[in-house]
Amino acid sequence: MAETGDLEHTPLFDLHVELGAKMVPFAGYSMPVQYPLGVMKEHLHCRGQAGLFDVSHMGQVILRGESYDAVANAFEQLVPMDVVGLDADKQRYGFFTNDEGGIEDDLMFANRGDHLFVVVNAACKEADIARMKAALEPAVTVEVVTDRALIALQGPAAEAALARLHPFVANMTFMDVVTANLLDAECWISRSGYTGEDGFEISVPSDMAEALCRALLEMVEVEPIGLGARDSLRLEAGLCLYGNDIDATTNPVEAGLTWAMQKVRRAGGDREGGFPGAPHIFSALAEGVAQKRVGFLPQGRAPMRAGTPIFASQEGGEQIGSVTSGGFGPSVNGPVAMGYVGSIHAATGTELYGEVRGKRMPLTVAKLPLIPANFKR
Amino acid sequence: MKFTEEHEWLRVEGDVVVVGVTAHAAEQLGDVVFVELPEVDTEVSKDDEVCVIESVKAASDILAPLDGEIVEVNEALVDEPGKVNEDPIGDAWFFKMKAADLSQMDDYMDEAAYNDFIG
């Protein structure tokens with residue numbers, strides 16, 4: 001993203017520079033795209049050991065009202081998720097929809113007992129906050145958290161590493177959320193992430209963020225990981241990047257996100273509809289969709305990047321889809337991509353062609369994720 | 001050895017010129033994951049796009065630094081593109097060409113000038 005104005009710094013900016021990161025503009029922030037290890041080794045380290053990510057540019061928002069139920073009922077007006085039925089100390093994936101049934105942003109939300117905690121994408125956070133304020137105030141207060149950093153510790157050794165700072169985290173399973181002190185700082189910890197690996201996301205007071213990261217980075221398992229590897233990790237894991245793989249024109253059914261819309265909110269459910277664009281989403285669920293998001297495994301070694309047009313045959317014919325995210329997958333050890341194709345071409349194993357530099361190269365439609373997920377269920 | 005502003009190096013070996021990318025270029029590109037080489041016996045003009053090099057970050061081209069003919073390509077890079085990062089000015093040469101006019105080399109920088117160029 002091109003930025004002309006001054007870039008914001010996260011509380012970890014100085015540490016990134018000290019660690020030798022290459023800093024780039026991202027969603028208005030100066031963020032580390034890679035450290036001296038490099039994208040490939042950072043990616044493989046995260047899958048093999050543990051990687052530490054600064055995601056403080058994302059928006060952290062607390063929604064408070066009379067009770068959790070009151071807040072959850074209000075929030076359900078904005079998202080097609082079961083918020084009311086989410087157990088205390090649990091987190092869930094979701095997205096804001098618009099009147100056409102498109103996706104305005106994707107997010108995580110957690111039932112924190114007396115309030116709802118929401119984490120949204122950096123590039124969308126101003127719009128998201130405005131949307132929540134317009135829809136929810138004054139019955140619900142929308143409190144933007146500005147005094148906390150957000151970090152992610154991801155990978156098979158994440159539990160062992162973080163448990164040295166607080167043994168309780170070993171008891172958490174996927175999507176659990178707790179408040180716990182790390183280095184005497186009150187942290188909000190969830191067992192989640194965006195890499196396809198087990199791990200944790202930790203909201204930490206800004207003035208303790210650097211100390212916490214240093215404590216983790218001192219551990220032999222932990223390396224800092226930049227946005228470059230974050231992108232290849234989430235792509236292999238089949239996770240959407242908002243703005244690339246999903247946007248305001250994407251119906252969640254096309255995007256393969258039906259699983260995220262619990263039955264209680266769908267047609268016939270106890271709290272059916274009531275979110276923007278519900279009729280469009282219900283008709284997509286009932287009648288099917290013209291295109292679907294799928295994984296692509298190019299058969300050669302050439303990466304197929306975002307925008308690569310997809311065809312059904314090696315010569316002639318109309319374009320039937322396109323790549324929305326693509327590159328090299330270090331764990332797959334070859335090119336990986338995802339994108340949309342007409343539903344009749346979306347079956348796993350279908351052979352299609354991506355046009356790279358004027359040449360149509362074969363690819364295979366693949367089930368997402370492209371690597372097995374490694375969550376602690 | 002000569003260097004271009006496109007971060008290629010050229011080394012004369014007998015009657016052919018060996019071409020690769022500089023260590024600086026390899027570092028800027030990041031981990032190289034794909035290399036597409038020209039066909040042997042292709043006639044090329046200076047500044048023709050002759051190779052594609054893709055890293056974890058992006059795709060870029062290598063331009064023919066001289067008029068001439070491609071006489072040999074380094075097939076090993078196709079299977080092991082990571083060599084470009086490991087040994088950019090040694091093992092990871094891209095192609096050898098027979099130059100139509102070796103005086104075109106005179107336009108390029110020597111090592112000291114290239115080091116100044118990349119700062």
# chains A, B, ... in the order shown; residues from 1 in each chain; ligands from 1

$ residues_around --residues "Met109 in chain B" --least-positions-apart "5" --cutoff "12 Å" --atoms "only C-alpha atoms" --output "JSON, numbers by chain"
{"B": [1, 2, 3, 4, 5, 6, 7, 8, 9, 10, 104, 114, 115, 116, 117, 118]}

$ write_last_selection --atoms "C-alpha atoms" --output "short mmCIF file (atom, residue, chain, number, x, y, z; two decimals), in the first residue's frame"
data_model
loop_
_atom_site.label_atom_id
_atom_site.label_comp_id
_atom_site.auth_asym_id
_atom_site.auth_seq_id
_atom_site.Cartn_x
_atom_site.Cartn_y
_atom_site.Cartn_z
CA MET B 1 34.30 -7.98 -14.47
CA LYS B 2 31.76 -5.33 -15.46
CA PHE B 3 28.48 -4.32 -13.88
CA THR B 4 25.24 -2.87 -15.24
CA GLU B 5 22.80 -0.49 -13.60
CA GLU B 6 20.36 -3.41 -13.74
CA HIS B 7 22.63 -5.18 -11.20
CA GLU B 8 24.00 -7.75 -13.62
CA TRP B 9 27.63 -8.77 -13.75
CA LEU B 10 29.49 -9.68 -16.96
CA GLN B 104 29.45 -2.56 -25.76
CA TYR B 114 29.37 -0.29 -9.18
CA ASN B 115 30.06 -0.21 -5.45
CA ASP B 116 29.67 3.57 -5.56
CA PHE B 117 26.46 3.13 -7.59
CA ILE B 118 24.81 0.90 -4.98
#

$ interface_residues --of "chain A" --to "chain B" --cutoff "10 Å" --atoms "only C-alpha atoms" --output "JSON, numbers by chain"
{"A": [33, 34, 38, 39, 40, 41, 228, 229, 232, 300, 301, 302, 303, 305, 327, 328, 329, 330, 333, 334, 335, 357]}

$ write_last_selection --atoms "N, CA and C atoms" --output "PDB file, in the first residue's frame"
ATOM      1  N   VAL A  33       8.871  -6.227   7.182  1.00  0.00           N
ATOM      2  CA  VAL A  33       8.487  -7.211   6.161  1.00  0.00           C
ATOM      3  C   VAL A  33       9.341  -8.464   6.288  1.00  0.00           C
ATOM      4  N   GLN A  34      10.580  -8.277   6.741  1.00  0.00           N
ATOM      5  CA  GLN A  34      11.429  -9.434   7.017  1.00  0.00           C
ATOM      6  C   GLN A  34      12.561  -9.014   7.940  1.00  0.00           C
ATOM      7  N   GLY A  38      15.346 -13.778   6.662  1.00  0.00           N
ATOM      8  CA  GLY A  38      14.748 -13.857   5.328  1.00  0.00           C
ATOM      9  C   GLY A  38      13.427 -14.594   5.344  1.00  0.00           C
ATOM     10  N   VAL A  39      12.589 -14.286   4.351  1.00  0.00           N
ATOM     11  CA  VAL A  39      11.203 -14.776   4.329  1.00  0.00           C
ATOM     12  C   VAL A  39      11.136 -16.307   4.375  1.00  0.00           C
ATOM     13  N   MET A  40      11.946 -16.959   3.563  1.00  0.00           N
ATOM     14  CA  MET A  40      11.866 -18.425   3.466  1.00  0.00           C
ATOM     15  C   MET A  40      12.197 -19.085   4.804  1.00  0.00           C
ATOM     16  N   LYS A  41      13.308 -18.698   5.402  1.00  0.00           N
ATOM     17  CA  LYS A  41      13.717 -19.332   6.674  1.00  0.00           C
ATOM     18  C   LYS A  41      12.778 -18.929   7.804  1.00  0.00           C
ATOM     19  N   GLY A 228       6.280 -10.662   5.336  1.00  0.00           N
ATOM     20  CA  GLY A 228       6.492 -11.509   4.158  1.00  0.00           C
ATOM     21  C   GLY A 228       6.139 -12.951   4.464  1.00  0.00           C
ATOM     22  N   ALA A 229       6.712 -13.475   5.549  1.00  0.00           N
ATOM     23  CA  ALA A 229       6.424 -14.864   5.920  1.00  0.00           C
ATOM     24  C   ALA A 229       5.003 -14.994   6.466  1.00  0.00           C
ATOM     25  N   SER A 232       2.962 -15.778   3.403  1.00  0.00           N
ATOM     26  CA  SER A 232       3.077 -17.131   2.837  1.00  0.00           C
ATOM     27  C   SER A 232       2.535 -18.183   3.813  1.00  0.00           C
ATOM     28  N   GLY A 300       4.117 -26.476 -12.374  1.00  0.00           N
ATOM     29  CA  GLY A 300       5.530 -26.151 -12.579  1.00  0.00           C
ATOM     30  C   GLY A 300       6.094 -25.456 -11.355  1.00  0.00           C
ATOM     31  N   ARG A 301       7.180 -24.764 -11.546  1.00  0.00           N
ATOM     32  CA  ARG A 301       7.793 -24.047 -10.431  1.00  0.00           C
ATOM     33  C   ARG A 301       7.465 -22.560 -10.450  1.00  0.00           C
ATOM     34  N   ALA A 302       6.851 -22.086 -11.532  1.00  0.00           N
ATOM     35  CA  ALA A 302       6.606 -20.639 -11.638  1.00  0.00           C
ATOM     36  C   ALA A 302       5.478 -20.223 -10.702  1.00  0.00           C
ATOM     37  N   PRO A 303       5.738 -19.247  -9.825  1.00  0.00           N
ATOM     38  CA  PRO A 303       4.649 -18.737  -8.985  1.00  0.00           C
ATOM     39  C   PRO A 303       3.555 -18.096  -9.832  1.00  0.00           C
ATOM     40  N   ARG A 305       0.926 -15.274  -9.292  1.00  0.00           N
ATOM     41  CA  ARG A 305       0.654 -14.240  -8.297  1.00  0.00           C
ATOM     42  C   ARG A 305      -0.756 -13.672  -8.468  1.00  0.00           C
ATOM     43  N   GLY A 327       2.004 -17.151  -4.594  1.00  0.00           N
ATOM     44  CA  GLY A 327       3.435 -16.961  -4.419  1.00  0.00           C
ATOM     45  C   GLY A 327       4.084 -18.300  -4.224  1.00  0.00           C
ATOM     46  N   PHE A 328       5.182 -18.282  -3.477  1.00  0.00           N
ATOM     47  CA  PHE A 328       5.901 -19.518  -3.218  1.00  0.00           C
ATOM     48  C   PHE A 328       5.561 -19.985  -1.814  1.00  0.00           C
ATOM     49  N   GLY A 329       5.273 -21.264  -1.665  1.00  0.00           N
ATOM     50  CA  GLY A 329       4.979 -21.828  -0.349  1.00  0.00           C
ATOM     51  C   GLY A 329       6.171 -22.611   0.153  1.00  0.00           C
ATOM     52  N   PRO A 330       6.936 -22.047   1.083  1.00  0.00           N
ATOM     53  CA  PRO A 330       8.145 -22.751   1.530  1.00  0.00           C
ATOM     54  C   PRO A 330       7.866 -24.129   2.120  1.00  0.00           C
ATOM     55  N   ASN A 333       7.002 -26.327  -0.570  1.00  0.00           N
ATOM     56  CA  ASN A 333       8.201 -26.352  -1.409  1.00  0.00           C
ATOM     57  C   ASN A 333       7.848 -26.231  -2.895  1.00  0.00           C
ATOM     58  N   GLY A 334       6.965 -25.304  -3.171  1.00  0.00           N
ATOM     59  CA  GLY A 334       6.575 -25.042  -4.550  1.00  0.00           C
ATOM     60  C   GLY A 334       5.620 -23.877  -4.561  1.00  0.00           C
ATOM     61  N   PRO A 335       5.179 -23.489  -5.750  1.00  0.00           N
ATOM     62  CA  PRO A 335       4.234 -22.379  -5.822  1.00  0.00           C
ATOM     63  C   PRO A 335       2.865 -22.763  -5.268  1.00  0.00           C
ATOM     64  N   ARG A 357       2.917 -14.554 -17.868  1.00  0.00           N
ATOM     65  CA  ARG A 357       3.726 -13.950 -18.934  1.00  0.00           C
ATOM     66  C   ARG A 357       3.303 -14.470 -20.323  1.00  0.00           C
TER      67      ARG A 357
END

$ select_by_dssp --residues "chain B" --states "alpha helix (DSSP H)" --output "JSON, numbers by chain"
{"B": [23, 24, 25, 26, 27, 28, 29, 76, 77, 78, 79, 83, 84, 85, 86, 111, 112, 113, 114, 115, 116, 117, 118]}

$ select_by_dssp --residues "chain B" --states "strand (DSSP E)" --output "ChimeraX atom specification"
/B:2-3,8-13,16-21,32-36,43-44,49-55,59-63,68-73,95-99

$ closest_residue --among "B:Gly68, B:Gly119, B:Gly14, B:Gly90" --to "Val50 in chain B" --atoms "only C-alpha atoms"
B:Gly68

$ residues_around --residues "Val40 in chain B" --least-positions-apart "3" --cutoff "7 Å" --atoms "only C-alpha atoms" --output "list of chain:residue names"
B:Ile70, B:Val71, B:Glu72, B:Val73

$ residues_around --residues "range 91-94 of chain A" --least-positions-apart "6" --cutoff "8 Å" --atoms "only C-alpha atoms" --output "ChimeraX atom specification"
/A:79-81,106-111,175-177,190,260-261

$ residues_around --residues "Lys46 in chain B" --least-positions-apart "6" --cutoff "7 Å" --atoms "only C-alpha atoms" --output "PyMOL selection string"
chain B and resi 64-67

$ closest_residue --among "B:Asp106, B:Glu86, B:Glu69, B:Asp15" --to "Glu39 in chain B" --atoms "only C-alpha atoms"
B:Glu69

$ residues_around --residues "Thr179 in chain A" --least-positions-apart "6" --cutoff "7 Å" --atoms "only C-alpha atoms" --output "PyMOL selection string"
chain A and resi 186-189

$ closest_residue --among "A:Ile151, A:Leu227, A:Ala284, A:Ala237" --to "Val253 in chain A" --atoms "only C-alpha atoms"
A:Ala284
